[in-house]
>>> print(open('model-v2.csv').read())   # CSV, C-alpha atoms
chain,number,residue,atom,x,y,z
C,1,MET,CA,0.0,0.0,0.0
C,2,SER,CA,1.5,3.3,-1.1
C,3,LEU,CA,0.4,6.9,-0.9
C,4,GLU,CA,3.6,8.1,-2.4
C,5,GLY,CA,3.1,11.5,-4.2
C,6,LYS,CA,-0.3,12.1,-2.6
C,7,LEU,CA,-1.1,15.4,-0.7
C,8,ALA,CA,-3.4,15.0,2.3
C,9,LEU,CA,-5.2,17.5,4.5
C,10,VAL,CA,-6.1,16.3,8.0
C,11,THR,CA,-8.4,18.7,9.9
C,12,GLY,CA,-7.6,18.6,13.6
C,13,GLY,CA,-4.4,16.9,12.7
C,14,GLY,CA,-2.3,18.2,15.6
C,15,ARG,CA,-3.5,15.9,18.3
C,16,GLY,CA,-5.2,12.6,19.1
C,17,ILE,CA,-6.8,10.6,16.3
C,18,GLY,CA,-5.9,13.3,13.8
C,19,LYS,CA,-2.3,13.2,14.7
C,20,ALA,CA,-2.2,9.4,14.4
C,21,ILE,CA,-3.9,9.6,11.0
C,22,ALA,CA,-1.4,12.3,9.8
C,23,LEU,CA,1.5,10.2,10.8
C,24,LYS,CA,0.1,7.0,9.3
C,25,LEU,CA,-0.5,8.7,5.9
C,26,ALA,CA,3.0,10.1,6.0
C,27,SER,CA,4.4,6.7,6.8
C,28,HIS,CA,2.8,5.5,3.6
C,29,GLY,CA,4.5,8.3,1.7
C,30,ALA,CA,1.9,11.1,1.6
C,31,ASP,CA,2.7,14.7,2.2
C,32,VAL,CA,0.4,16.1,4.9
C,33,ILE,CA,-1.1,19.5,5.6
C,34,VAL,CA,-2.0,19.5,9.3
C,35,ASN,CA,-4.9,21.8,10.2
C,36,PHE,CA,-5.2,23.0,13.7
C,37,PHE,CA,-7.4,25.5,15.6
C,38,ARG,CA,-6.0,26.4,19.0
C,39,ARG,CA,-2.8,24.3,19.6
C,40,ARG,CA,-0.1,25.5,17.3
C,41,ASP,CA,2.6,23.8,19.4
C,42,ALA,CA,0.9,20.4,19.0
C,43,ALA,CA,0.5,20.9,15.3
C,44,GLN,CA,4.1,21.9,14.8
C,45,LYS,CA,5.2,18.9,16.8
C,46,THR,CA,3.1,16.6,14.5
C,47,ALA,CA,4.6,18.3,11.4
C,48,ASN,CA,8.1,17.7,12.8
C,49,GLU,CA,7.3,14.1,13.3
C,50,ILE,CA,5.9,13.8,9.7
C,51,GLU,CA,9.1,15.3,8.3
C,52,ALA,CA,11.1,12.9,10.4
C,53,LEU,CA,9.3,10.1,8.5
C,54,GLY,CA,10.6,11.7,5.2
C,55,ALA,CA,7.4,13.3,4.1
C,56,LYS,CA,6.6,17.0,3.7
C,57,ALA,CA,4.4,18.8,6.2
C,58,GLU,CA,2.6,22.1,6.5
C,59,ILE,CA,0.6,23.5,9.4
C,60,ILE,CA,-2.4,25.7,8.8
C,61,ARG,CA,-4.7,27.3,11.4
C,62,ALA,CA,-8.4,27.4,10.7
C,63,ASN,CA,-11.5,27.0,12.8
C,64,VAL,CA,-13.5,24.6,10.6
C,65,GLY,CA,-16.7,25.8,12.4
C,66,ASP,CA,-16.3,29.1,10.5
C,67,PRO,CA,-17.0,28.9,6.7
C,68,ALA,CA,-14.8,32.0,6.0
C,69,LYS,CA,-11.8,30.2,7.7
C,70,ILE,CA,-12.5,27.1,5.7
C,71,ASP,CA,-12.4,29.2,2.5
C,72,GLU,CA,-9.1,30.8,3.6
C,73,MET,CA,-7.6,27.4,4.3
C,74,PHE,CA,-8.6,26.0,0.9
C,75,ASP,CA,-7.5,29.2,-0.9
C,76,MET,CA,-4.1,28.7,0.6
C,77,ILE,CA,-3.9,25.1,-0.4
C,78,GLY,CA,-5.1,25.9,-3.9
C,79,ASN,CA,-2.7,28.8,-4.3
C,80,LYS,CA,0.3,26.9,-2.9
C,81,PHE,CA,-0.3,23.4,-4.2
C,82,GLY,CA,-3.0,23.6,-6.8
C,83,ARG,CA,-4.3,20.2,-5.8
C,84,LEU,CA,-5.4,17.9,-3.0
C,85,ASP,CA,-5.6,14.1,-3.1
C,86,ILE,CA,-6.9,13.2,0.3
C,87,LEU,CA,-9.2,15.0,2.8
C,88,ILE,CA,-9.6,13.6,6.3
C,89,SER,CA,-12.4,15.4,8.0
C,90,ASN,CA,-11.4,14.7,11.6
C,91,ALA,CA,-11.7,18.0,13.6
C,92,ALA,CA,-14.4,17.7,16.2
C,93,SER,CA,-15.8,19.5,19.1
C,94,GLY,CA,-18.9,19.4,21.2
C,95,VAL,CA,-20.9,20.4,24.2
C,96,GLY,CA,-21.5,17.6,26.6
C,97,ARG,CA,-25.0,18.1,28.1
C,98,PRO,CA,-28.2,16.2,28.6
C,99,VAL,CA,-30.7,16.7,25.8
C,100,MET,CA,-32.9,18.9,28.0
C,101,ASP,CA,-30.0,21.3,28.7
C,102,LEU,CA,-29.0,21.8,25.1
C,103,ASP,CA,-29.5,25.3,23.8
C,104,ILE,CA,-29.3,26.5,20.2
C,105,LYS,CA,-25.8,27.9,20.7
C,106,ALA,CA,-24.4,24.5,21.9
C,107,TRP,CA,-26.3,22.7,19.2
C,108,GLU,CA,-25.0,24.9,16.4
C,109,TRP,CA,-21.4,25.0,17.7
C,110,THR,CA,-21.4,21.2,17.7
C,111,MET,CA,-23.2,20.7,14.4
C,112,ASN,CA,-21.1,23.3,12.6
C,113,ILE,CA,-17.7,21.9,13.6
C,114,ASN,CA,-18.7,18.2,13.3
C,115,ALA,CA,-21.1,18.0,10.4
C,116,ARG,CA,-21.2,21.2,8.4
C,117,ALA,CA,-17.4,21.3,8.2
C,118,LEU,CA,-17.4,18.1,6.2
C,119,LEU,CA,-19.9,19.6,3.7
C,120,LEU,CA,-17.8,22.8,3.2
C,121,CYS,CA,-14.4,21.0,3.2
C,122,ALA,CA,-15.6,18.3,0.8
C,123,GLN,CA,-17.1,20.9,-1.6
C,124,ARG,CA,-13.7,22.8,-1.7
C,125,ALA,CA,-11.6,19.6,-1.7
C,126,ALA,CA,-13.5,18.1,-4.6
C,127,LYS,CA,-12.6,21.0,-6.8
C,128,LEU,CA,-8.9,20.5,-6.0
C,129,MET,CA,-9.4,16.7,-6.8
C,130,ASP,CA,-11.3,17.3,-10.0
C,131,GLY,CA,-9.9,15.4,-13.0
C,132,ARG,CA,-7.6,13.3,-10.9
C,133,GLY,CA,-9.8,11.6,-8.3
C,134,GLY,CA,-9.2,11.5,-4.6
C,135,LYS,CA,-10.2,10.2,-1.2
C,136,VAL,CA,-12.4,11.7,1.5
C,137,VAL,CA,-12.6,10.0,4.9
C,138,SER,CA,-14.7,11.5,7.7
C,139,ILE,CA,-14.3,10.5,11.4
C,140,SER,CA,-17.4,9.5,13.2
C,141,SER,CA,-18.3,7.8,16.5
C,142,LEU,CA,-20.4,5.0,17.8
C,143,GLY,CA,-22.4,7.8,19.4
C,144,SER,CA,-24.1,8.2,16.0
C,145,PHE,CA,-26.3,5.2,16.7
C,146,LEU,CA,-25.8,4.6,20.4
C,147,ALA,CA,-27.0,6.9,23.1
C,148,TRP,CA,-24.4,7.9,25.7
C,149,PRO,CA,-24.9,10.3,28.6
C,150,THR,CA,-24.4,13.9,27.7
C,151,TYR,CA,-23.4,13.0,24.1
C,152,ALA,CA,-26.6,13.9,22.3
C,153,ALA,CA,-25.3,16.9,20.4
C,154,VAL,CA,-22.1,15.1,19.3
C,155,GLY,CA,-24.0,11.9,18.5
C,156,VAL,CA,-26.5,13.7,16.3
C,157,SER,CA,-23.8,15.6,14.5
C,158,LYS,CA,-22.0,12.3,13.8
C,159,ALA,CA,-25.2,10.8,12.5
C,160,ALA,CA,-25.4,13.7,10.1
C,161,LEU,CA,-21.8,13.3,9.1
C,162,GLU,CA,-22.3,9.7,8.3
C,163,ALA,CA,-25.4,10.5,6.2
C,164,LEU,CA,-23.5,13.2,4.4
C,165,THR,CA,-20.7,10.8,3.8
C,166,ARG,CA,-23.1,8.5,1.9
C,167,TYR,CA,-24.4,11.3,-0.3
C,168,LEU,CA,-21.0,12.6,-1.0
C,169,ALA,CA,-19.9,9.1,-2.0
C,170,ILE,CA,-22.6,8.8,-4.6
C,171,GLU,CA,-22.4,12.4,-5.9
C,172,LEU,CA,-18.6,12.5,-6.1
C,173,ALA,CA,-18.2,9.0,-7.5
C,174,PRO,CA,-18.3,10.3,-11.2
C,175,GLN,CA,-15.3,12.4,-10.3
C,176,GLY,CA,-13.3,9.4,-9.1
C,177,ILE,CA,-13.6,10.5,-5.5
C,178,CYS,CA,-14.0,7.7,-2.9
C,179,VAL,CA,-15.8,8.9,0.3
C,180,ASN,CA,-16.1,6.8,3.4
C,181,ALA,CA,-16.3,7.3,7.2
C,182,VAL,CA,-14.6,5.5,10.1
C,183,ALA,CA,-16.5,5.4,13.4
C,184,ALA,CA,-14.7,4.5,16.6
C,185,SER,CA,-15.9,3.7,20.1
C,186,ALA,CA,-14.3,5.6,22.9
C,187,VAL,CA,-10.7,6.2,21.9
C,188,GLU,CA,-7.9,6.7,24.4
C,189,THR,CA,-7.1,10.4,23.7
C,190,GLU,CA,-7.0,13.6,25.7
C,191,ALA,CA,-10.3,14.6,24.2
C,192,LEU,CA,-11.9,11.5,25.8
C,193,LYS,CA,-11.3,13.0,29.3
C,194,PHE,CA,-13.4,16.0,28.2
C,195,TYR,CA,-16.3,14.2,26.6
C,196,VAL,CA,-16.7,11.0,28.5
C,197,LYS,CA,-17.5,10.6,32.2
C,198,GLU,CA,-15.3,8.2,34.2
C,199,GLY,CA,-18.0,5.6,34.3
C,200,LEU,CA,-18.2,5.3,30.5
C,201,VAL,CA,-14.4,4.8,30.2
C,202,LYS,CA,-14.6,1.9,32.7
C,203,ASP,CA,-17.5,0.4,30.8
C,204,SER,CA,-15.6,0.7,27.5
C,205,TYR,CA,-12.7,-1.4,28.9
C,206,HIS,CA,-15.2,-3.9,30.3
C,207,VAL,CA,-17.3,-4.4,27.1
C,208,THR,CA,-14.6,-4.4,24.5
C,209,PRO,CA,-14.4,-8.0,23.2
C,210,ALA,CA,-10.9,-7.3,21.9
C,211,GLY,CA,-9.7,-6.8,25.4
C,212,ARG,CA,-8.5,-3.2,25.3
C,213,MET,CA,-9.7,0.2,24.3
C,214,VAL,CA,-9.3,1.5,20.8
C,215,ILE,CA,-6.2,3.6,20.4
C,216,PRO,CA,-5.7,6.3,17.8
C,217,GLU,CA,-3.5,4.1,15.7
C,218,ASP,CA,-6.3,1.6,15.3
C,219,VAL,CA,-8.4,4.3,13.6
C,220,ALA,CA,-5.5,5.5,11.6
C,221,ASN,CA,-4.8,2.1,10.1
C,222,VAL,CA,-8.3,1.9,8.7
C,223,VAL,CA,-8.2,5.4,7.4
C,224,ALA,CA,-5.0,4.8,5.6
C,225,PHE,CA,-6.5,1.7,4.0
C,226,LEU,CA,-9.5,3.7,2.8
C,227,CYS,CA,-7.1,6.2,1.3
C,228,SER,CA,-5.4,3.4,-0.7
C,229,GLU,CA,-6.3,2.1,-4.2
C,230,GLU,CA,-7.0,-1.3,-2.5
C,231,ALA,CA,-10.2,0.3,-1.1
C,232,PHE,CA,-11.4,1.6,-4.4
C,233,MET,CA,-14.7,-0.3,-4.3
C,234,ILE,CA,-15.7,0.7,-0.8
C,235,ARG,CA,-18.0,3.7,-1.1
C,236,GLY,CA,-20.2,5.6,1.3
C,237,GLN,CA,-19.6,3.1,4.2
C,238,THR,CA,-19.0,3.8,7.8
C,239,ILE,CA,-16.4,1.3,9.0
C,240,ILE,CA,-16.6,0.6,12.7
C,241,VAL,CA,-13.4,0.3,14.7
C,242,ASP,CA,-14.5,-0.7,18.2
C,243,GLY,CA,-12.9,-4.0,19.1
C,244,GLY,CA,-16.3,-5.6,18.7
C,245,THR,CA,-18.0,-3.4,21.3
C,246,SER,CA,-21.1,-2.7,19.2
C,247,VAL,CA,-21.8,-6.3,18.4
C,248,GLY,CA,-20.6,-7.9,21.6
C,249,LEU,CA,-22.3,-5.7,24.2
C,250,LEU,CA,-25.0,-8.2,25.1
C,251,SER,CA,-22.8,-11.3,25.2
C,252,LEU,CA,-20.3,-9.6,27.5
C,253,ALA,CA,-23.1,-8.4,29.8
C,254,GLY,CA,-24.4,-11.9,30.0
C,255,LYS,CA,-20.9,-13.2,30.8
C,256,GLU,CA,-20.6,-10.7,33.7
C,257,ASP,CA,-24.0,-11.9,35.1
C,258,ASN,CA,-22.8,-15.5,35.0
C,259,GLU,CA,-19.6,-14.6,36.7
C,260,HIS,CA,-21.5,-12.9,39.5
C,261,GLY,CA,-24.2,-15.5,39.6
E,1,MET,CA,-10.1,51.6,20.9
E,2,THR,CA,-7.8,50.0,23.5
E,3,VAL,CA,-7.2,46.3,23.7
E,4,GLU,CA,-9.3,46.2,26.9
E,5,ASP,CA,-12.2,47.9,25.2
E,6,GLN,CA,-12.1,45.5,22.3
E,7,ILE,CA,-12.1,42.5,24.6
E,8,ARG,CA,-14.9,44.0,26.6
E,9,GLU,CA,-17.0,44.3,23.4
E,10,ILE,CA,-16.3,40.7,22.4
E,11,VAL,CA,-17.1,39.4,25.8
E,12,ALA,CA,-20.3,41.5,26.0
E,13,ARG,CA,-21.4,40.3,22.6
E,14,ILE,CA,-20.9,36.6,23.5
E,15,THR,CA,-22.3,36.7,27.1
E,16,HIS,CA,-25.1,39.2,26.3
E,17,VAL,CA,-24.0,41.4,29.2
E,18,ASP,CA,-24.0,45.1,28.9
E,19,LYS,CA,-20.4,46.1,28.3
E,20,SER,CA,-20.7,49.1,30.7
E,21,ILE,CA,-21.0,46.7,33.7
E,22,ILE,CA,-17.9,44.6,32.7
E,23,THR,CA,-15.1,45.7,35.0
E,24,ARG,CA,-11.6,44.3,35.5
E,25,GLU,CA,-13.0,42.5,38.5
E,26,SER,CA,-15.9,40.9,36.6
E,27,THR,CA,-15.8,37.1,36.3
E,28,PHE,CA,-17.3,34.8,33.6
E,29,LYS,CA,-19.3,33.1,36.4
E,30,GLY,CA,-20.7,36.5,37.5
E,31,MET,CA,-21.7,37.2,33.9
E,32,LYS,CA,-23.5,33.8,33.9
E,33,ALA,CA,-21.3,32.6,31.1
E,34,ASP,CA,-21.2,28.9,30.5
E,35,SER,CA,-18.1,26.9,29.3
E,36,LEU,CA,-19.0,27.4,25.6
E,37,ASP,CA,-19.2,31.2,26.1
E,38,VAL,CA,-15.7,31.1,27.6
E,39,VAL,CA,-14.4,29.0,24.7
E,40,GLN,CA,-16.1,31.3,22.2
E,41,ALA,CA,-14.7,34.4,23.9
E,42,LEU,CA,-11.2,33.0,23.8
E,43,VAL,CA,-11.5,32.0,20.2
E,44,ALA,CA,-12.9,35.4,19.2
E,45,VAL,CA,-10.1,37.3,21.0
E,46,GLU,CA,-7.5,35.0,19.5
E,47,GLU,CA,-8.8,35.8,16.0
E,48,ALA,CA,-9.3,39.5,16.6
E,49,PHE,CA,-5.7,40.0,17.8
E,50,GLU,CA,-4.1,37.1,15.9
E,51,ILE,CA,-2.7,35.6,19.1
E,52,GLU,CA,-3.0,32.3,20.9
E,53,ILE,CA,-4.3,31.8,24.4
E,54,PRO,CA,-3.4,28.3,25.6
E,55,ASP,CA,-6.1,26.6,27.7
E,56,GLU,CA,-3.6,26.2,30.6
E,57,GLU,CA,-3.2,30.0,30.7
E,58,ALA,CA,-6.9,30.7,30.3
E,59,GLN,CA,-7.6,28.5,33.3
E,60,LYS,CA,-5.5,30.8,35.4
E,61,PHE,CA,-7.7,33.9,34.7
E,62,LYS,CA,-9.5,34.8,37.8
E,63,ASN,CA,-11.4,37.7,36.3
E,64,PHE,CA,-11.7,39.9,33.2
E,65,GLY,CA,-8.7,41.9,34.3
E,66,ASP,CA,-6.4,38.8,34.2
E,67,PHE,CA,-7.8,38.0,30.7
E,68,VAL,CA,-7.1,41.6,29.5
E,69,SER,CA,-3.6,41.6,31.0
E,70,PHE,CA,-2.6,38.4,29.3
E,71,VAL,CA,-3.9,39.6,25.9
E,72,GLU,CA,-2.1,43.0,26.3
E,73,LYS,CA,1.2,41.2,27.0
E,74,GLN,CA,0.7,38.9,24.0
E,75,VAL,CA,-0.2,41.9,21.7
E,76,ALA,CA,2.8,43.8,23.0
E,77,GLN,CA,5.1,40.8,22.4
E,78,LYS,CA,3.7,40.4,18.9
E,79,GLU,CA,4.3,44.1,18.1
E,80,LYS,CA,8.0,43.8,19.2
E,81,VAL,CA,8.5,40.9,16.8
>>> encode(input="model-v2.csv", output="structure tokens")
Amino acid sequence: MSLEGKLALVTGGGRGIGKAIALKLASHGADVIVNFFRRRDAAQKTANEIEALGAKAEIIRANVGDPAKIDEMFDMIGNKFGRLDILISNAASGVGRPVMDLDIKAWEWTMNINARALLLCAQRAAKLMDGRGGKVVSISSLGSFLAWPTYAAVGVSKAALEALTRYLAIELAPQGICVNAVAASAVETEALKFYVKEGLVKDSYHVTPAGRMVIPEDVANVVAFLCSEEAFMIRGQTIIVDGGTSVGLLSLAGKEDNEHG
Amino acid sequence: MTVEDQIREIVARITHVDKSIITRESTFKGMKADSLDVVQALVAVEEAFEIEIPDEEAQKFKNFGDFVSFVEKQVAQKEKV
């Protein structure tokens, strides 16, 4: 599997899952533009690590919740490189509140960063891929179809992102652009501390049939595959990376009952 | 307009508090700002002055005055460069 000569943009690529994806793509030969919002130091560190792998790296600041900033970012990419081969729509944020406490501001903040950003980035990216094809991978979460405490806004935004991924896959297929999503369960990152209460983390350890929590590299491995030519016939899918959590929940709960019975 | 006045306008817009009652002693809590208001204020100030406010620094702000002092220092440093 080679991504030699490809140019990738990873939104939110400075930390966590985005960083793992950026490094994985670089390890397969891609040059990477690392988008960040508030942590330049982390983005620069990621860029340095990409360069240590022998690939080229750029960092670019943009709040993907702001359409004008997305335009500025793609204007820069268009002017400097004139092309883009891979878009990873990874940047995410969210307000963790129960449904009854969600206000319009919290809802819009979450939807704009997590779902609308894919729309706007994909529209701009597709123009830079036109005539040459490309890959778009969005990063989702099991919260798109499961209900976790205080995760409603993010979960709904991820459901929208997955639906949009399907539409993009169909509508961009004639341009040779493959679009897919990767959905992970709770991933061991700094962000997890912010979004997930302690109880859920313990549960994730307990109910993962694979025996450990998902780590960023698990997600990055699948993303890299979806960016390869080997994945050409996979379109509009959401690939779940959860160590079996979503299919093994009930069996493990039963096992626990037996152990305690 | 001074740096302080610009920050006051941003904070007033986001928290829906009358800017005339925001003093250096005012706190986000006192303005009934939630965590998203705080993030939005930080982001808006970062973009207005083209500076960065690390979360670790922001967590040290006890009141509006601390916020202003930090931004003033960052702006002065940027102007030197």
>>> closest_atom_pairs(input="model-v2.csv", of="chain C", to="chain E", cutoff="12 Å", atoms="all atoms listed in the file", output="tab-separated table")
residue	atom	partner	partner_atom	distance
C:Phe36	CA	E:Glu52	CA	12.0
C:Phe37	CA	E:Val43	CA	9.0
C:Arg38	CA	E:Glu52	CA	6.9
C:Arg39	CA	E:Pro54	CA	7.2
C:Arg40	CA	E:Glu52	CA	8.2
C:Asp41	CA	E:Pro54	CA	9.7
C:Ala42	CA	E:Pro54	CA	11.2
C:Arg61	CA	E:Glu47	CA	10.5
C:Ala62	CA	E:Glu47	CA	9.9
C:Asn63	CA	E:Val43	CA	8.9
C:Gly65	CA	E:Val43	CA	11.2
C:Asp66	CA	E:Val43	CA	11.2
C:Lys69	CA	E:Glu47	CA	10.5
C:Ser93	CA	E:Leu36	CA	10.7
C:Gly94	CA	E:Leu36	CA	9.1
C:Val95	CA	E:Leu36	CA	7.4
C:Gly96	CA	E:Leu36	CA	10.2
C:Arg97	CA	E:Ser35	CA	11.2
C:Asp101	CA	E:Asp34	CA	11.8
C:Leu102	CA	E:Leu36	CA	11.5
C:Asp103	CA	E:Leu36	CA	10.9
C:Ile104	CA	E:Leu36	CA	11.7
C:Lys105	CA	E:Leu36	CA	8.4
C:Ala106	CA	E:Leu36	CA	7.2
C:Trp107	CA	E:Leu36	CA	10.8
C:Glu108	CA	E:Leu36	CA	11.3
C:Trp109	CA	E:Leu36	CA	8.6
C:Thr110	CA	E:Leu36	CA	10.3
C:Phe194	CA	E:Ser35	CA	11.9
>>> residues_around(input="model-v2.csv", residues="Ser246 (chain C)", least_positions_apart="4", cutoff="10 Å", atoms="all atoms listed in the file", output="PyMOL selection string")
chain C and resi 142+145-146+184-185+207-209+240-242+250
>>> residues_around(input="model-v2.csv", residues="Ala160 (chain C)", least_positions_apart="5", cutoff="9 Å", atoms="only C-alpha atoms", output="JSON, numbers by chain")
{"C": [111, 114, 115, 116, 144, 155, 165]}
>>> residues_around(input="model-v2.csv", residues="region 176-178 of chain C", least_positions_apart="5", cutoff="8 Å", atoms="only C-alpha atoms", output="ChimeraX atom specification")
/C:126,129,131-136,169,232,234-236
>>> atom_distance(input="model-v2.csv", atom1="CA of Asn35 (chain C)", atom2="CA of Ile7 (chain E)")
26.2 Å
>>> residues_around(input="model-v2.csv", residues="Ile10 (chain E)", least_positions_apart="4", cutoff="12 Å", atoms="all atoms listed in the file", output="list of chain:residue names")
E:Val3, E:Glu4, E:Asp5, E:Gln6, E:Ile14, E:Thr15, E:His16, E:Val17, E:Asp18, E:Lys19, E:Ile22, E:Asp37, E:Val38, E:Gln40, E:Ala41, E:Leu42, E:Val43, E:Ala44, E:Val45, E:Glu46, E:Glu47, E:Ala48, E:Phe49, E:Phe64, E:Val68
>>> atom_distance(input="model-v2.csv", atom1="CA of Ile21 (chain C)", atom2="CA of Glu229 (chain C)")
17.1 Å
>>> atom_distance(input="model-v2.csv", atom1="CA of Val39 (chain E)", atom2="CA of Glu9 (chain E)")
15.6 Å
>>> closest_residue(input="model-v2.csv", among="E:Glu50, E:Glu79, E:Asp34, E:Glu25", to="Gly65 (chain E)", atoms="only C-alpha atoms")
E:Glu25
>>> residues_around(input="model-v2.csv", residues="Glu188 (chain C)", least_positions_apart="4", cutoff="8 Å", atoms="all atoms listed in the file", output="list in words")
Leu192, Met213, Val214, Ile215 and Pro216 of chain C
>>> closest_residue(input="model-v2.csv", among="E:Val71, E:Met1, E:Lys78, E:Lys62", to="Arg24 (chain E)", atoms="all atoms listed in the file")
E:Lys62
>>> closest_residue(input="model-v2.csv", among="C:Leu161, C:Ile113, C:Ala30, C:Leu3", to="Glu230 (chain C)", atoms="all atoms listed in the file")
C:Leu3
>>> closest_residue(input="model-v2.csv", among="E:Gly30, E:Thr2, E:Ile21, E:Ala58", to="Glu72 (chain E)", atoms="only C-alpha atoms")
E:Thr2
>>> closest_residue(input="model-v2.csv", among="C:Ala210, C:Val137, C:Ile60, C:Ile33", to="Met73 (chain C)", atoms="all atoms listed in the file")
C:Ile60
>>> decode(input="model-v2.csv", residues="region 32-46 of chain E", atoms="C-alpha atoms", output="PDB file, in the first residue's frame")
ATOM      1  CA  LYS E  32     -23.516  33.810  33.933  1.00  0.00           C
ATOM      2  CA  ALA E  33     -21.283  32.615  31.076  1.00  0.00           C
ATOM      3  CA  ASP E  34     -21.184  28.868  30.451  1.00  0.00           C
ATOM      4  CA  SER E  35     -18.146  26.889  29.299  1.00  0.00           C
ATOM      5  CA  LEU E  36     -19.035  27.377  25.634  1.00  0.00           C
ATOM      6  CA  ASP E  37     -19.236  31.163  26.138  1.00  0.00           C
ATOM      7  CA  VAL E  38     -15.729  31.062  27.580  1.00  0.00           C
ATOM      8  CA  VAL E  39     -14.369  29.038  24.651  1.00  0.00           C
ATOM      9  CA  GLN E  40     -16.104  31.310  22.152  1.00  0.00           C
ATOM     10  CA  ALA E  41     -14.701  34.402  23.881  1.00  0.00           C
ATOM     11  CA  LEU E  42     -11.181  32.955  23.832  1.00  0.00           C
ATOM     12  CA  VAL E  43     -11.488  32.039  20.153  1.00  0.00           C
ATOM     13  CA  ALA E  44     -12.938  35.430  19.204  1.00  0.00           C
ATOM     14  CA  VAL E  45     -10.135  37.263  21.017  1.00  0.00           C
ATOM     15  CA  GLU E  46      -7.506  34.984  19.487  1.00  0.00           C
TER      16      GLU E  46
END
